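S.K.: Sharing a structure below in structure tokens format, with a few things to ask.
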2 protein chains.
Amino acid sequence: MSVYHGAMKSTALRTPQPARTPAGRAKDKILATAFRLFYAQGLRAAGIDTIIAESGVAKATFYKYFPAKDDLILAYLEKVDGVWTGQLHAAAEAAGPDPADQLVGLFDALATACRRDGYRGCAFINAAAESPSGTRVHDRTVAHKKKISAWIRDLAVQAGAPEPEQLARSLALVLDGGLASGVLDGDPASALTARNTAAQLVSVSLGAKP
Amino acid sequence: MSVYHGAMKSTALRTPQPARTPAGRAKDKILATAFRLFYAQGLRAAGIDTIIAESGVAKATFYKYFPAKDDLILAYLEKVDGVWTGQLHAAAEAAGPDPADQLVGLFDALATACRRDGYRGCAFINAAAESPSGTRVHDRTVAHKKKISAWIRDLAVQAGAPEPEQLARSLALVLDGGLASGVLDGDPASALTARNTAAQLVSVSLGAKP
DNA sequence: ACGCTATCAGACAGATCTGTCTACGGCAAG
DNA sequence: CTTGCCGTAGACAGATCTGTCTGATAGCGT
């Protein structure tokens, strides 16, 4: 053992530069690569081998952190949930303190997302399209949508809408529509349409019974 | 050759009942099976072998009509386009002769689709989620959405909307949102929400400048 | 200096998927 | 009757994908 060790240490023939990752960071690199490839190519199209190769980690390391591909997919969806929720909240708060303004302002996050290069729609909707209902992936998508809907409902209540439930349902629908259309129309016009439609719905709802 | 022919003819040991399909119907059976499996499982999850087995045709027959899987997928999308467009037109016409009523009535097709067992959202959106932009599948999806949008725009013009383009964009957005949400919410409530939202948008648009 | 742990490198197995190929059977038109 | 077309049955090749396993290396705390 020590014989090989000494020989390798001096020549470094077999492993020129293993260049190992600092420590414990392999998981982050894998997740970052998965985030990119899963979104760009789809869950099935992005293979484990490709993710491993582009992450620059060893196969054993990968399977240590993610025993099955499904585990990586779930982790990917968790990350997407966090990022997208954060962007929505930031856009809403940037619109000002008025909940009514925030209900419209959150659609700015949609416009920003649509403009981003490589935009491919809602990661959750895309994931659900590849996963039969009843699977963990599908359930996670439903949970995400429920979470967003609940947040919008809270805003509608705070805004003092006479029928907050109905307004929130409409706005969530428009948000999903904007996410789905943006990738097909190609231009970010659909995001603007979504924002305008939302503004109209909020205005009508609040102006109906002030 | 003739020796084998005679032997087989008398005993029919190797092929008890070939039970061949009437004639030219093999293609229809394949397409019907593909329609079901592609929609239920997704484009990648539904394998050629499964489609062939469930169609009850031979492999060579399959590849005669569809030299590649992509060809079958395109044929599937053509069929979906025809079916869905037909349902939308039927629902619109069932709402009466008034274009304004038709703009709202077409959303009844959405409710009917959501209620159907095994509803999995818009086949085109799902297909696009599995196909990178630039592929034939993705392009076909864009073409489908453009076709639907153009039809809605025509209806908005006929209805005499002051800004038909904007109304049509909003309605197309709501329709896509209803298609995307219906599969996640689980209940057909989102279809009802879509219809109500559409009615509100049409009413506001037409009532603004009559 | 030693051992522990995380990592790297890559061979390997087993399944699955797409697409090709051979061989044969029935039916209808010439 | 023969010929061509359409169909069945299934073996086969080649690629790809998921997941397992072996063996060696680097850093870090003791």
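In the structure tokens, chains take the letters A, B, ... in the order shown, each chain's residues start at 1, and ligands count up from 1 in the order shown.
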Please build the interface table for chain C against chain B with a cut-off of 12 Å, listing for each qualifying residue the nearest atom pair and the distance in Å to one decimal; count only C-alpha atoms (C1' of nucleotides), order rows by chain and increasing number, and write it as a tab-separated table.
M.R.:
residue	atom	partner	partner_atom	distance
C:DT16	C1'	B:Gly47	CA	9.2
C:DC17	C1'	B:Gly47	CA	7.0
C:DT18	C1'	B:Ile48	CA	7.6
C:DG19	C1'	B:Ala68	CA	8.0
C:DT20	C1'	B:Ala60	CA	9.1
C:DC21	C1'	B:Ala60	CA	9.4
C:DT22	C1'	B:Ala60	CA	11.1
C:DA23	C1'	B:Met1	CA	10.4
C:DC24	C1'	B:His5	CA	8.4
C:DG25	C1'	B:Pro18	CA	7.5
C:DG26	C1'	B:Arg20	CA	8.5
C:DC27	C1'	B:Ala23	CA	10.0
C:DA28	C1'	B:Ala23	CA	11.8
S.K.: If we count only C-alpha atoms (C1' of nucleotides) and set the cut-off at 12 Å, which residues sit around Pro162 in chain B, ignoring sequence neighbours fewer than 3 positions away in its own chain? Please answer as a ChimeraX atom specification.
M.R.: /B:156-159,165-168,202-210
S.K.: Please write the residues from the selection above to a file, keeping C-alpha atoms, as a PDB file, in the first residue's frame.
M.R.:
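Output file again-v6.pdb follows:
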ATOM      1  CA  ALA B 156     -63.308  39.282 -30.283  1.00  0.00           C
ATOM      2  CA  VAL B 157     -63.386  41.346 -33.458  1.00  0.00           C
ATOM      3  CA  GLN B 158     -66.828  40.014 -34.373  1.00  0.00           C
ATOM      4  CA  ALA B 159     -68.024  40.806 -30.873  1.00  0.00           C
ATOM      5  CA  GLU B 165     -56.332  42.208 -29.666  1.00  0.00           C
ATOM      6  CA  GLN B 166     -55.914  42.836 -25.975  1.00  0.00           C
ATOM      7  CA  LEU B 167     -59.098  41.020 -25.007  1.00  0.00           C
ATOM      8  CA  ALA B 168     -58.100  38.029 -27.098  1.00  0.00           C
ATOM      9  CA  VAL B 202     -65.564  40.132 -21.872  1.00  0.00           C
ATOM     10  CA  SER B 203     -68.165  42.066 -19.965  1.00  0.00           C
ATOM     11  CA  VAL B 204     -65.744  44.788 -18.925  1.00  0.00           C
ATOM     12  CA  SER B 205     -64.257  45.054 -22.393  1.00  0.00           C
ATOM     13  CA  LEU B 206     -67.588  45.292 -24.196  1.00  0.00           C
ATOM     14  CA  GLY B 207     -69.263  47.425 -21.585  1.00  0.00           C
ATOM     15  CA  ALA B 208     -66.463  49.944 -21.513  1.00  0.00           C
ATOM     16  CA  LYS B 209     -67.310  51.539 -24.850  1.00  0.00           C
ATOM     17  CA  PRO B 210     -70.569  50.177 -26.241  1.00  0.00           C
TER      18      PRO B 210
END
S.K.: As number ranges by chain, could you give me every residue of chain A near chain B (at most 8 Å apart, counting only C-alpha atoms)?
M.R.: A: 40-42, 44-45, 120, 125-127, 129-132, 141-142, 145, 166, 169-170, 173-178, 180-181, 184-185, 190, 193-194, 197, 201
S.K.: Compile the residues of chain D that lie within 10 Å of chain B, evaluated using only C-alpha atoms (C1' of nucleotides), and express the compilation as an NGL selection string.
M.R.: :D and (6-10)
S.K.: Those residues with C-alpha atoms (C1' of nucleotides), as a tab-separated table (two decimals), in the first residue's frame please?
M.R.:
chain	number	residue	atom	x	y	z
D	6	DC	C1'	-50.13	-5.93	-46.60
D	7	DG	C1'	-49.80	-8.01	-42.62
D	8	DT	C1'	-47.71	-11.11	-38.30
D	9	DA	C1'	-43.97	-12.89	-35.32
D	10	DG	C1'	-39.93	-12.17	-33.17
S.K.: When you draw a straight line from CA of Leu106 in chain A to CA of Leu155 in chain A, how long is it in Å?
M.R.: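 Straight-line distance from CA of Leu106 in chain A to CA of Leu155 in chain A works out to 10.7 Å.
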S.K.: If you measure from CA of Pro188 in chain B to CA of Ala113 in chain B, what distance in Å do you get, rounded to one decimal?
M.R.: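 CA of Pro188 in chain B sits 8.9 Å away from CA of Ala113 in chain B.
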